[in-house]
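J.: Here's a structure for you.
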Amino acid sequence: MNKIARALACVGLIGGSALALADEAQKTQKIEVTGSSIRRVGAETAAPVQIVTRREIEQSGAQTISDVIRSLSADNNGTVSSSFSSGFASGASGVSLRGLGVNATLVLLNGRRTAPYGLSDDGQRTFVDLSSIPLDAVDRVELLKDGASAIYGSDAIAGVLNIILRKDFSGVALNASAGQSRYGDGNEARAAVVAGYNEGRFNAFFDLEASSRAAIKQSDREGRGFIGTGDLTALGYDRTSTAQGGFRGYYLGPTQVSQNRYGWVRPYSPDGYSIVTGGKSQGGYQALPGCPSDKQLDHGGCAWSTTDYAELQPKEEKLNLFGRATYAINDNLSWFGEAAIFKSDVAAHSTPPQTINGNPWLNNATSGLVSASWFYLPVGHPDNPFATSNARLRILFDDIGQRSSKLETTVARFVSGIKGTVADWDIDSAVMYADSETDRTQRGYVSYSNMLNALQGKSPFGYYRIGVNAGKNNPGIYDYIAPALHDKSKSSTTSFDFKASRELMELPGGPMAIALGSEYRIEKLTAPPVPGTENGNIIGLGYSAFAGDRKVSALYAELSLPVLKSLELTAAARTDHYSDVGSTTTPKVGFKWTPTKSLAIRGSYAEGFRAPGPAENGNSSTIGFTTGPVDDIRCDTSVTPNRPRPGGPANACDPANVGALTLGDRGIKPETSKSTSFGLVIEPFANTSATLDVWRIERRNEINSVQPLLVFANRSSFPSTRIVRDPDQSTWIPGVPNSGPIVAFIGPYFNANSTVTHGVDFALNNRFSLGDYGRLTSALNWTYTGKFERTLNSGVKVNYVDTHGPTALSSNGGMPRNRANLSLTWNKGEYTIAPTINYISSMRNIEAAESPDCLNVLEDGSEAPAGCRIASFTTVDLYGSWKFSKSGEVYGSIRNLFDRIAPLDPQTYGAINFNGGYHLSGAVGRFFSVGMKYRW
């Protein structure tokens, strides 16, 4: 608070003397630029801002504004794609500037905040759903590639994305388009109408847009290399490894099989454990009948693939309405109002449910264990082939159908404010209310307790029959064993803001300007658990639930000091008070020096912060499942190769799948950051400009969920995290109490670690006259990430750039070092042709530079893919248009013109065999679209 008080006091003293001395300012047309509260004549400021115009958006051929933004070169690891339908935040998409996560990028709509999506990425990170914003209503996108907490407050650590919608419109315009892939699927359709009325001081318009996108099944890409198959044996992979590919249904040994559609059974005791005689289990798995001859494998195996059920993209339907009205109160002051309803329906499907592995798992409500036995067929079950013993069951419940999620999201946003000039002050003030509500229905997920009853004949519908006899089931039994699961999450933001700016006094370089502002917000978010997950009763679903609300108040100030004709200095400071985490003050300073008309040198220093989200400091808990550590209590890790402790099982050294339960902590502190940028703006020729900006961000006090590998390797550093082991003494190492397999890690969110990332942004723009042959413009945007180094609580440093890590982040997308886009646009009269080249560099298939072991291997043990690298990916998109009249235009696009196939990525879990975060167009294939627009 002291920092901001001193800053405001200095501003007040300067302003008081300046107001008495300032001459009447010359009236000049000013514009607003993202990253500054001061209206100014020029668009170039001390901070780098990338602007994507409406025309550039159209020429991208994109169906959603999310597709446009996530293709920008500054987007990196942690980006959320709507195609990642199995994530915690399925149905939404978000941007992750600099790879710092979706909650480190502030998203604004017309310069103001809006409500975040009701579900959180990885159950932790809240973000604005970009896919809910209507494409047709967008006028331009401004991307501030610099820290901006001193202007906007929390979340603006990596940058600010400001999506600016239409401000006014007069007349009527129609726009309609349709498209499909070269495979005849993935059909897209979009229709929009905008109509406006202008009469004297009043203008009003509305923009109504409806769009749809059909689902694409991955099995429909059979013949497209490895995209349409889960069997990678032709490439040298071991198809019996679940870590790569999607091949399933095989036999590995008497006690180890992969589930299939018809089932495996093995004799077991009534309590669900192995029948043991003389220290050996009696009877191995045997296959139940029914497998078609073309699917049969060795030892009764029956082949299937996860790609039989996977989707490259879910089905989406959207209906959006945006309206805006303005009224000129007088020549200097106007009222404006905005109303928007954005509705999105997403339907996603994945594999059918399958039997569990028999290990205990967590009751999330009590943080205790659910003692689970395997699913089994009791003696007397009509499908049990054993007359005197139970049958442990391993099966894919194909008859239940695919697991599915239907998400209906409605975003409502209303703004009313005034804008103009009062007593030489440019003012802008508004009240805003926005909420986002997601109603989710999930089907195909098995209730553990109800399935046990149905297998034992205790359900209201008798026995649940399996495999070839599934057709004998009473249809009502399916709603009993896999009931529909409904939950509704909601977030809301209510705000009032006021800012004013003016020129104060003449300096040698021009008028000194000041901006003062305040903001008050009420934020609420409630995300209840999926029914049944709170006590561990739903198979295959993690647990996430949180609720929180808070009040935020802020004061801020900004100065522009053109101390010389060639030198402008800027300074800003802001203090925010959060009702749940206290106060934070953040400053920012910058400069822009223009020694010649063709060269400008700019730089900035900014501090930032991110207040904890409701999942992190609210009434919350989240459980996910991940690969656990090699357990040195059960495995002797002091020898190479590692070997089981005496009396331990043969697989004691294999990492197991473990739960990670993270609890909200009221004492969690905000993340903080320091960022710097230094760059050049060059205009060597009249129609050529280039920018080169070097950037660095250091984020400290990072908020972390429970990370099993990190905790286990540094147990003394995490006293509040509890390691939970199987309490069944039959699983213990002989003579070692409480030495059962690790089941879960339980602990609160915690502040630890810091991250330093730095790199370079380069942009080059050219405009050429071709005389009688028209005009040619080009735009290149390139981002190079030189370092992304995280310092762990133990002091260990890991660098993730050019690797697939950190693999625990979002969909495990990885961090390519280079991303670039080059667009060329040729215009001649009524014709336009515009190709765009998109490039994403390769990356090593390792966790971090300090962990050189390849994450995937071929069957012969060699690194996979070749050279342990995910290959680079380059695509070309083509856009063309013809203006057949002053009012009408037809247009078309071809995405992935040369039909490039996505690189093989066996590591990511956001998709099967390819990276859905970066390479989706290479899985979908060449895509055609055509459209027409007309204006009256």
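Identifiers for the structure tokens are assigned positionally: chains receive A, B, ... in sequence, residues are indexed from 1 per chain, and ligands are indexed from 1 in the order shown.
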Determine, for each residue of segment 129-170 of chain A having at least one atom at most 8 Å from an atom of segment 321-340 of chain A, the closest pair of atoms and their separation in Å to one decimal, counting only C-alpha atoms; order by chain and ascending number, as CSV.

T.:
```
residue,atom,partner,partner_atom,distance
A:Ala137,CA,A:Phe322,CA,7.2
A:Lys167,CA,A:Arg324,CA,7.2
A:Asp168,CA,A:Arg324,CA,7.3
```

J.: Those residues you just picked out, can you put them in a file as a short mmCIF file (atom, residue, chain, number, x, y, z; two decimals), in the first residue's frame with N, CA and C atoms?

T.:
```
data_model
loop_
_atom_site.label_atom_id
_atom_site.label_comp_id
_atom_site.auth_asym_id
_atom_site.auth_seq_id
_atom_site.Cartn_x
_atom_site.Cartn_y
_atom_site.Cartn_z
N ALA A 137 -18.80 -11.58 -34.29
CA ALA A 137 -18.89 -10.32 -33.55
C ALA A 137 -17.53 -9.70 -33.28
N LYS A 167 -18.10 -2.19 -32.35
CA LYS A 167 -18.55 -1.05 -31.54
C LYS A 167 -19.85 -0.45 -32.07
N ASP A 168 -20.04 -0.48 -33.38
CA ASP A 168 -21.26 0.07 -33.97
C ASP A 168 -21.49 -0.57 -35.34
#
```

J.: If you count only C-alpha atoms, which residues fall within 12 Å of Ala430 of chain A, apart from same-chain ones fewer than 3 positions away, as a list in words?

T.: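 With the cut-off at 12 Å, the set is Asn110, Gly111, Arg112, Arg113, Ser334, Trp335, Phe336, Gly337, Glu338, Phe414, Val415, Ser416, Gly417, Ile418, Lys419, Ile427, Tyr433, Thr494, Ser495, Phe496, Asp497, Phe498, Lys499, Gly517, Ser518, Glu519, Tyr520 and Arg521 of chain A.
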
J.: Atoms to include: N, CA, C and O atoms. Write the selected residues as a CSV table (one decimal), in the first residue's frame.

T.:
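Generated output (part39.csv):
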```csv
chain,number,residue,atom,x,y,z
A,110,ASN,N,-13.6,-6.6,-24.7
A,110,ASN,CA,-13.8,-5.1,-24.8
A,110,ASN,C,-13.1,-4.4,-23.7
A,110,ASN,O,-13.7,-3.4,-23.1
A,111,GLY,N,-12.0,-4.9,-23.3
A,111,GLY,CA,-11.2,-4.2,-22.3
A,111,GLY,C,-11.6,-4.5,-20.8
A,111,GLY,O,-11.0,-3.9,-19.9
A,112,ARG,N,-12.6,-5.3,-20.6
A,112,ARG,CA,-13.1,-5.6,-19.3
A,112,ARG,C,-13.1,-7.1,-19.1
A,112,ARG,O,-13.2,-7.9,-20.0
A,113,ARG,N,-13.0,-7.5,-17.8
A,113,ARG,CA,-13.1,-9.0,-17.5
A,113,ARG,C,-14.4,-9.6,-17.8
A,113,ARG,O,-15.4,-8.8,-18.0
A,334,SER,N,-21.0,10.1,-24.0
A,334,SER,CA,-22.0,9.1,-24.5
A,334,SER,C,-22.2,8.0,-23.5
A,334,SER,O,-21.4,7.7,-22.7
A,335,TRP,N,-23.4,7.5,-23.6
A,335,TRP,CA,-23.8,6.3,-22.8
A,335,TRP,C,-23.6,5.1,-23.8
A,335,TRP,O,-23.9,5.2,-25.0
A,336,PHE,N,-23.2,3.9,-23.2
A,336,PHE,CA,-23.2,2.7,-24.0
A,336,PHE,C,-23.7,1.5,-23.2
A,336,PHE,O,-23.5,1.5,-22.0
A,337,GLY,N,-24.2,0.6,-23.9
A,337,GLY,CA,-24.7,-0.6,-23.2
A,337,GLY,C,-24.4,-1.8,-24.1
A,337,GLY,O,-24.5,-1.7,-25.3
A,338,GLU,N,-24.1,-2.9,-23.5
A,338,GLU,CA,-23.9,-4.2,-24.2
A,338,GLU,C,-24.6,-5.3,-23.5
A,338,GLU,O,-24.7,-5.4,-22.3
A,414,PHE,N,-23.6,-8.4,-19.3
A,414,PHE,CA,-24.3,-7.1,-19.5
A,414,PHE,C,-23.4,-6.0,-19.0
A,414,PHE,O,-22.8,-6.1,-17.9
A,415,VAL,N,-23.3,-5.0,-19.8
A,415,VAL,CA,-22.4,-3.8,-19.4
A,415,VAL,C,-23.2,-2.6,-19.7
A,415,VAL,O,-23.9,-2.4,-20.7
A,416,SER,N,-23.1,-1.6,-18.8
A,416,SER,CA,-23.7,-0.3,-19.0
A,416,SER,C,-22.7,0.8,-18.5
A,416,SER,O,-22.2,0.6,-17.4
A,417,GLY,N,-22.4,1.8,-19.3
A,417,GLY,CA,-21.4,2.8,-18.9
A,417,GLY,C,-21.5,4.1,-19.6
A,417,GLY,O,-22.3,4.3,-20.5
A,418,ILE,N,-20.6,5.0,-19.3
A,418,ILE,CA,-20.5,6.2,-20.0
A,418,ILE,C,-19.0,6.4,-20.4
A,418,ILE,O,-18.1,5.9,-19.7
A,419,LYS,N,-18.9,7.2,-21.5
A,419,LYS,CA,-17.5,7.4,-22.0
A,419,LYS,C,-17.5,8.7,-22.7
A,419,LYS,O,-18.5,9.1,-23.4
A,427,ILE,N,-12.9,10.1,-19.8
A,427,ILE,CA,-13.4,9.2,-18.8
A,427,ILE,C,-14.1,8.0,-19.4
A,427,ILE,O,-14.6,8.0,-20.5
A,433,TYR,N,-21.9,-7.2,-15.3
A,433,TYR,CA,-22.3,-8.4,-14.7
A,433,TYR,C,-22.1,-9.5,-15.7
A,433,TYR,O,-22.6,-9.4,-16.8
A,494,THR,N,-19.1,-9.6,-10.9
A,494,THR,CA,-19.8,-8.3,-10.9
A,494,THR,C,-18.8,-7.2,-10.7
A,494,THR,O,-18.0,-7.3,-9.8
A,495,SER,N,-18.8,-6.2,-11.5
A,495,SER,CA,-17.7,-5.2,-11.3
A,495,SER,C,-18.2,-3.8,-11.6
A,495,SER,O,-19.2,-3.6,-12.4
A,496,PHE,N,-17.6,-2.8,-11.0
A,496,PHE,CA,-17.7,-1.4,-11.3
A,496,PHE,C,-16.3,-0.8,-11.5
A,496,PHE,O,-15.5,-1.1,-10.6
A,497,ASP,N,-16.1,-0.1,-12.6
A,497,ASP,CA,-14.8,0.5,-12.8
A,497,ASP,C,-15.0,2.0,-13.2
A,497,ASP,O,-16.0,2.3,-13.8
A,498,PHE,N,-14.0,2.7,-12.9
A,498,PHE,CA,-13.9,4.1,-13.4
A,498,PHE,C,-12.5,4.5,-13.7
A,498,PHE,O,-11.6,4.2,-12.9
A,499,LYS,N,-12.2,5.1,-14.8
A,499,LYS,CA,-10.9,5.6,-15.1
A,499,LYS,C,-11.0,6.9,-15.8
A,499,LYS,O,-12.0,7.2,-16.6
A,517,GLY,N,-7.5,5.5,-11.9
A,517,GLY,CA,-8.6,4.5,-12.0
A,517,GLY,C,-8.9,3.8,-10.8
A,517,GLY,O,-8.0,3.7,-9.9
A,518,SER,N,-10.1,3.2,-10.7
A,518,SER,CA,-10.4,2.3,-9.6
A,518,SER,C,-11.3,1.2,-10.1
A,518,SER,O,-11.9,1.3,-11.2
A,519,GLU,N,-11.4,0.1,-9.4
A,519,GLU,CA,-12.2,-1.0,-9.8
A,519,GLU,C,-12.7,-1.7,-8.5
A,519,GLU,O,-11.9,-1.8,-7.5
A,520,TYR,N,-13.9,-2.3,-8.6
A,520,TYR,CA,-14.4,-3.1,-7.5
A,520,TYR,C,-15.1,-4.3,-8.2
A,520,TYR,O,-15.9,-4.1,-9.1
A,521,ARG,N,-14.8,-5.5,-7.7
A,521,ARG,CA,-15.3,-6.7,-8.3
A,521,ARG,C,-15.8,-7.6,-7.2
A,521,ARG,O,-15.2,-7.7,-6.1
```

J.: Pick from A:Leu507, A:Ala656, A:Gly184, A:Val193: nearest to Val172 of chain A, with only C-alpha atoms counted?

T.: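 Ranking A:Leu507, A:Ala656, A:Gly184, A:Val193 by distance to Val172 of chain A, first place goes to A:Val193.
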
J.: Provide the atom CA of Trp264 of chain A to atom CA of Gln456 of chain A distance in Å, to one decimal place.

T.: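 That distance, rounded to one decimal, is 17.3 Å.
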
J.: Can you pull out every residue within 12 Å of Val581 of chain A, counting only C-alpha atoms, but drop anything in the same chain fewer than 5 positions away, and send it as a list in words?

T.: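 The residues that qualify are Ser154, Asp549, Arg550, Lys551, Val552, Asp576, Phe609, Arg610, Ala611, Pro612, Gly613, Pro614, Glu616, Asn617, Gly618, Asp665, Arg666, Gly667, Ile668, Lys669, Pro670 and Glu671 of chain A.
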
J.: What does the distance from atom CA of Phe685 of chain A to atom CA of Leu764 of chain A come to in Å, to one decimal?

T.: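 Those two atoms sit 12.1 Å apart.
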
J.: Can you work out the spacing between atom CA of Pro267 of chain A and atom CA of Thr355 of chain A in Å, to one decimal?

T.: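 About the pair atom CA of Pro267 of chain A and atom CA of Thr355 of chain A: they are 16.1 Å apart.
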
J.: Within 10 Å of Thr233 of chain A, counting only C-alpha atoms, which residues qualify if same-chain residues fewer than 5 places away don't, as a ChimeraX atom specification?

T.: /A:238-240,245,247,858-859

J.: I'd like to know which residues of segment 624-685 of chain A are strand (DSSP E) (by DSSP, run on the backbone); could you write them as number ranges by chain?

T.: A: 624-627, 635-636, 643-644, 657-663, 671-685

J.: Quick one: residues within 6 Å of segment 59-70 of chain A, only C-alpha atoms, excluding same-chain residues fewer than 4 positions away - as a ChimeraX atom specification?

T.: /A:130-131,135,879,893

J.: Hey, what's within 9 Å of segment 37-41 of chain A if we count only C-alpha atoms and toss same-chain stuff fewer than 3 positions away? As a JSON list (two decimals) with all heavy atoms, in the first residue's frame, please?

T.:
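Below is the file that was written, part_23.json:
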```json
[["chain", "number", "residue", "atom", "x", "y", "z"],
["A", 28, "THR", "N", -6.67, 16.20, -30.86],
["A", 28, "THR", "CA", -6.12, 15.24, -31.81],
["A", 28, "THR", "C", -6.87, 13.92, -31.65],
["A", 28, "THR", "O", -7.24, 13.54, -30.54],
["A", 28, "THR", "CB", -4.62, 15.01, -31.54],
["A", 28, "THR", "OG1", -3.97, 16.27, -31.47],
["A", 28, "THR", "CG2", -4.01, 14.16, -32.63],
["A", 29, "GLN", "N", -7.10, 13.21, -32.73],
["A", 29, "GLN", "CA", -7.75, 11.91, -32.68],
["A", 29, "GLN", "C", -6.88, 10.93, -31.91],
["A", 29, "GLN", "O", -5.72, 10.71, -32.25],
["A", 29, "GLN", "CB", -8.00, 11.38, -34.10],
["A", 29, "GLN", "CG", -8.70, 10.04, -34.13],
["A", 29, "GLN", "CD", -10.11, 10.11, -33.57],
["A", 29, "GLN", "OE1", -10.83, 11.09, -33.79],
["A", 29, "GLN", "NE2", -10.51, 9.09, -32.82],
["A", 30, "LYS", "N", -7.44, 10.35, -30.85],
["A", 30, "LYS", "CA", -6.68, 9.44, -30.01],
["A", 30, "LYS", "C", -7.31, 8.05, -30.06],
["A", 30, "LYS", "O", -8.49, 7.90, -30.34],
["A", 30, "LYS", "CB", -6.65, 9.93, -28.56],
["A", 30, "LYS", "CG", -6.01, 11.31, -28.38],
["A", 30, "LYS", "CD", -6.11, 11.75, -26.94],
["A", 30, "LYS", "CE", -5.54, 13.15, -26.73],
["A", 30, "LYS", "NZ", -5.71, 13.60, -25.34],
["A", 31, "ILE", "N", -6.52, 7.06, -29.76],
["A", 31, "ILE", "CA", -6.99, 5.68, -29.75],
["A", 31, "ILE", "C", -6.62, 5.03, -28.44],
["A", 31, "ILE", "O", -5.74, 5.50, -27.71],
["A", 31, "ILE", "CB", -6.40, 4.86, -30.93],
["A", 31, "ILE", "CG1", -4.87, 4.80, -30.81],
["A", 31, "ILE", "CG2", -6.84, 5.43, -32.25],
["A", 31, "ILE", "CD1", -4.23, 3.87, -31.82],
["A", 32, "GLU", "N", -7.30, 3.93, -28.13],
["A", 32, "GLU", "CA", -6.99, 3.14, -26.95],
["A", 32, "GLU", "C", -6.14, 1.95, -27.38],
["A", 32, "GLU", "O", -6.40, 1.31, -28.38],
["A", 32, "GLU", "CB", -8.27, 2.64, -26.28],
["A", 32, "GLU", "CG", -9.17, 3.76, -25.80],
["A", 32, "GLU", "CD", -10.47, 3.22, -25.22],
["A", 32, "GLU", "OE1", -10.44, 2.10, -24.66],
["A", 32, "GLU", "OE2", -11.49, 3.90, -25.34],
["A", 33, "VAL", "N", -5.13, 1.65, -26.59],
["A", 33, "VAL", "CA", -4.23, 0.54, -26.88],
["A", 33, "VAL", "C", -4.20, -0.38, -25.66],
["A", 33, "VAL", "O", -4.07, 0.10, -24.52],
["A", 33, "VAL", "CB", -2.81, 1.04, -27.21],
["A", 33, "VAL", "CG1", -1.89, -0.14, -27.51],
["A", 33, "VAL", "CG2", -2.84, 2.00, -28.39],
["A", 34, "THR", "N", -4.34, -1.67, -25.87],
["A", 34, "THR", "CA", -4.28, -2.62, -24.76],
["A", 34, "THR", "C", -2.94, -2.49, -24.05],
["A", 34, "THR", "O", -1.88, -2.47, -24.68],
["A", 34, "THR", "CB", -4.46, -4.05, -25.28],
["A", 34, "THR", "OG1", -5.73, -4.15, -25.92],
["A", 34, "THR", "CG2", -4.37, -5.06, -24.15],
["A", 151, "ILE", "N", -1.67, -2.49, -14.56],
["A", 151, "ILE", "CA", -2.80, -1.89, -15.26],
["A", 151, "ILE", "C", -4.08, -2.64, -14.96],
["A", 151, "ILE", "O", -5.12, -2.04, -14.68],
["A", 151, "ILE", "CB", -2.56, -1.86, -16.78],
["A", 151, "ILE", "CG1", -1.24, -1.15, -17.11],
["A", 151, "ILE", "CG2", -3.73, -1.18, -17.50],
["A", 151, "ILE", "CD1", -1.20, 0.31, -16.73],
["A", 426, "ASP", "N", -10.62, 12.53, -20.16],
["A", 426, "ASP", "CA", -11.22, 11.43, -20.89],
["A", 426, "ASP", "C", -11.66, 10.38, -19.88],
["A", 426, "ASP", "O", -10.81, 9.79, -19.17],
["A", 426, "ASP", "CB", -10.22, 10.81, -21.87],
["A", 426, "ASP", "CG", -9.83, 11.77, -22.98],
["A", 426, "ASP", "OD1", -10.68, 12.56, -23.41],
["A", 426, "ASP", "OD2", -8.65, 11.73, -23.40],
["A", 499, "LYS", "N", -12.23, 5.09, -14.81],
["A", 499, "LYS", "CA", -10.89, 5.59, -15.10],
["A", 499, "LYS", "C", -11.00, 6.91, -15.85],
["A", 499, "LYS", "O", -11.98, 7.16, -16.57],
["A", 499, "LYS", "CB", -10.08, 4.58, -15.91],
["A", 499, "LYS", "CG", -10.60, 4.27, -17.30],
["A", 499, "LYS", "CD", -9.71, 3.22, -17.98],
["A", 499, "LYS", "CE", -10.27, 2.87, -19.36],
["A", 499, "LYS", "NZ", -9.45, 1.81, -20.02],
["A", 500, "ALA", "N", -10.00, 7.74, -15.64],
["A", 500, "ALA", "CA", -9.98, 9.04, -16.28],
["A", 500, "ALA", "C", -8.55, 9.39, -16.63],
["A", 500, "ALA", "O", -7.62, 9.09, -15.86],
["A", 500, "ALA", "CB", -10.58, 10.11, -15.35],
["A", 501, "SER", "N", -8.36, 10.01, -17.78],
["A", 501, "SER", "CA", -7.02, 10.42, -18.19],
["A", 501, "SER", "C", -7.09, 11.80, -18.82],
["A", 501, "SER", "O", -8.14, 12.22, -19.33],
["A", 501, "SER", "CB", -6.43, 9.41, -19.20],
["A", 501, "SER", "OG", -7.18, 9.40, -20.40],
["A", 502, "ARG", "N", -5.96, 12.52, -18.75],
["A", 502, "ARG", "CA", -5.90, 13.83, -19.37],
["A", 502, "ARG", "C", -4.46, 14.25, -19.56],
["A", 502, "ARG", "O", -3.53, 13.65, -18.98],
["A", 502, "ARG", "CB", -6.63, 14.87, -18.52],
["A", 502, "ARG", "CG", -5.99, 15.14, -17.15],
["A", 502, "ARG", "CD", -6.44, 16.48, -16.61],
["A", 502, "ARG", "NE", -5.96, 17.58, -17.44],
["A", 502, "ARG", "CZ", -6.53, 18.78, -17.48],
["A", 502, "ARG", "NH1", -7.61, 19.03, -16.77],
["A", 502, "ARG", "NH2", -6.02, 19.74, -18.24],
["A", 513, "ALA", "N", 0.84, 13.18, -19.72],
["A", 513, "ALA", "CA", -0.52, 12.67, -19.52],
["A", 513, "ALA", "C", -0.58, 11.77, -18.29],
["A", 513, "ALA", "O", 0.40, 11.12, -17.92],
["A", 513, "ALA", "CB", -1.01, 11.91, -20.75],
["A", 514, "ILE", "N", -1.76, 11.75, -17.68],
["A", 514, "ILE", "CA", -1.98, 10.96, -16.48],
["A", 514, "ILE", "C", -3.28, 10.18, -16.62],
["A", 514, "ILE", "O", -4.21, 10.62, -17.29],
["A", 514, "ILE", "CB", -2.03, 11.86, -15.21],
["A", 514, "ILE", "CG1", -2.16, 11.02, -13.95],
["A", 514, "ILE", "CG2", -3.18, 12.86, -15.33],
["A", 514, "ILE", "CD1", -2.12, 11.83, -12.67],
["A", 515, "ALA", "N", -3.33, 9.02, -16.01],
["A", 515, "ALA", "CA", -4.56, 8.25, -15.91],
["A", 515, "ALA", "C", -4.73, 7.79, -14.47],
["A", 515, "ALA", "O", -3.75, 7.38, -13.82],
["A", 515, "ALA", "CB", -4.55, 7.04, -16.84],
["A", 516, "LEU", "N", -5.93, 7.92, -13.96],
["A", 516, "LEU", "CA", -6.27, 7.44, -12.62],
["A", 516, "LEU", "C", -7.47, 6.51, -12.74],
["A", 516, "LEU", "O", -8.36, 6.74, -13.57],
["A", 516, "LEU", "CB", -6.61, 8.61, -11.69],
["A", 516, "LEU", "CG", -5.54, 9.67, -11.47],
["A", 516, "LEU", "CD1", -6.11, 10.84, -10.68],
["A", 516, "LEU", "CD2", -4.34, 9.07, -10.75],
["A", 517, "GLY", "N", -7.51, 5.47, -11.92],
["A", 517, "GLY", "CA", -8.62, 4.54, -12.04],
["A", 517, "GLY", "C", -8.89, 3.77, -10.77],
["A", 517, "GLY", "O", -8.05, 3.71, -9.85],
["A", 557, "ALA", "N", -2.77, 4.07, -11.10],
["A", 557, "ALA", "CA", -2.37, 5.33, -11.74],
["A", 557, "ALA", "C", -1.34, 5.03, -12.81],
["A", 557, "ALA", "O", -0.59, 4.06, -12.72],
["A", 557, "ALA", "CB", -1.81, 6.30, -10.71],
["A", 558, "GLU", "N", -1.31, 5.89, -13.83],
["A", 558, "GLU", "CA", -0.36, 5.73, -14.93],
["A", 558, "GLU", "C", 0.07, 7.11, -15.41],
["A", 558, "GLU", "O", -0.73, 8.06, -15.43],
["A", 558, "GLU", "CB", -1.02, 4.96, -16.07],
["A", 558, "GLU", "CG", -0.11, 4.68, -17.25],
["A", 558, "GLU", "CD", -0.81, 3.96, -18.39],
["A", 558, "GLU", "OE1", -2.01, 3.63, -18.25],
["A", 558, "GLU", "OE2", -0.16, 3.76, -19.44],
["A", 559, "LEU", "N", 1.35, 7.23, -15.77],
["A", 559, "LEU", "CA", 1.90, 8.47, -16.28],
["A", 559, "LEU", "C", 2.59, 8.25, -17.62],
["A", 559, "LEU", "O", 3.26, 7.23, -17.80],
["A", 559, "LEU", "CB", 2.93, 9.05, -15.30],
["A", 559, "LEU", "CG", 2.44, 9.87, -14.11],
["A", 559, "LEU", "CD1", 3.61, 10.22, -13.21],
["A", 559, "LEU", "CD2", 1.72, 11.13, -14.58],
["A", 560, "SER", "N", 2.44, 9.20, -18.52],
["A", 560, "SER", "CA", 3.20, 9.23, -19.77],
["A", 560, "SER", "C", 4.00, 10.51, -19.79],
["A", 560, "SER", "O", 3.43, 11.62, -19.69],
["A", 560, "SER", "CB", 2.25, 9.18, -20.98],
["A", 560, "SER", "OG", 2.96, 9.41, -22.18]]
```

J.: Near Ser677 of chain A, counting only C-alpha atoms, which residues have an atom at most 10 Å away, once you skip same-chain residues fewer than 6 positions from it, shown as a ChimeraX atom specification?

T.: /A:46-48,145-147,590,602-606,693-697,758-760

J.: So that I can check the secondary structure, give me every residue of segment 703-740 of chain A assigned alpha helix (DSSP H) by backbone DSSP, as a ChimeraX atom specification.

T.: /A:708-713

J.: When you count only C-alpha atoms, which of these residues is closest to Thr637 of chain A: A:Cys653, A:Val796, A:Ile723, A:Val930?

T.: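 Looking only at the distances to Thr637 of chain A, the closest residue turns out to be A:Cys653.
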
J.: Find, counting only C-alpha atoms, the residue in A:Pro385, A:Pro529, A:Gly861, A:Pro378 that gets nearest to Tyr285 of chain A.

T.: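 Residue with the minimum atom-to-atom distance to Tyr285 of chain A: A:Pro385.
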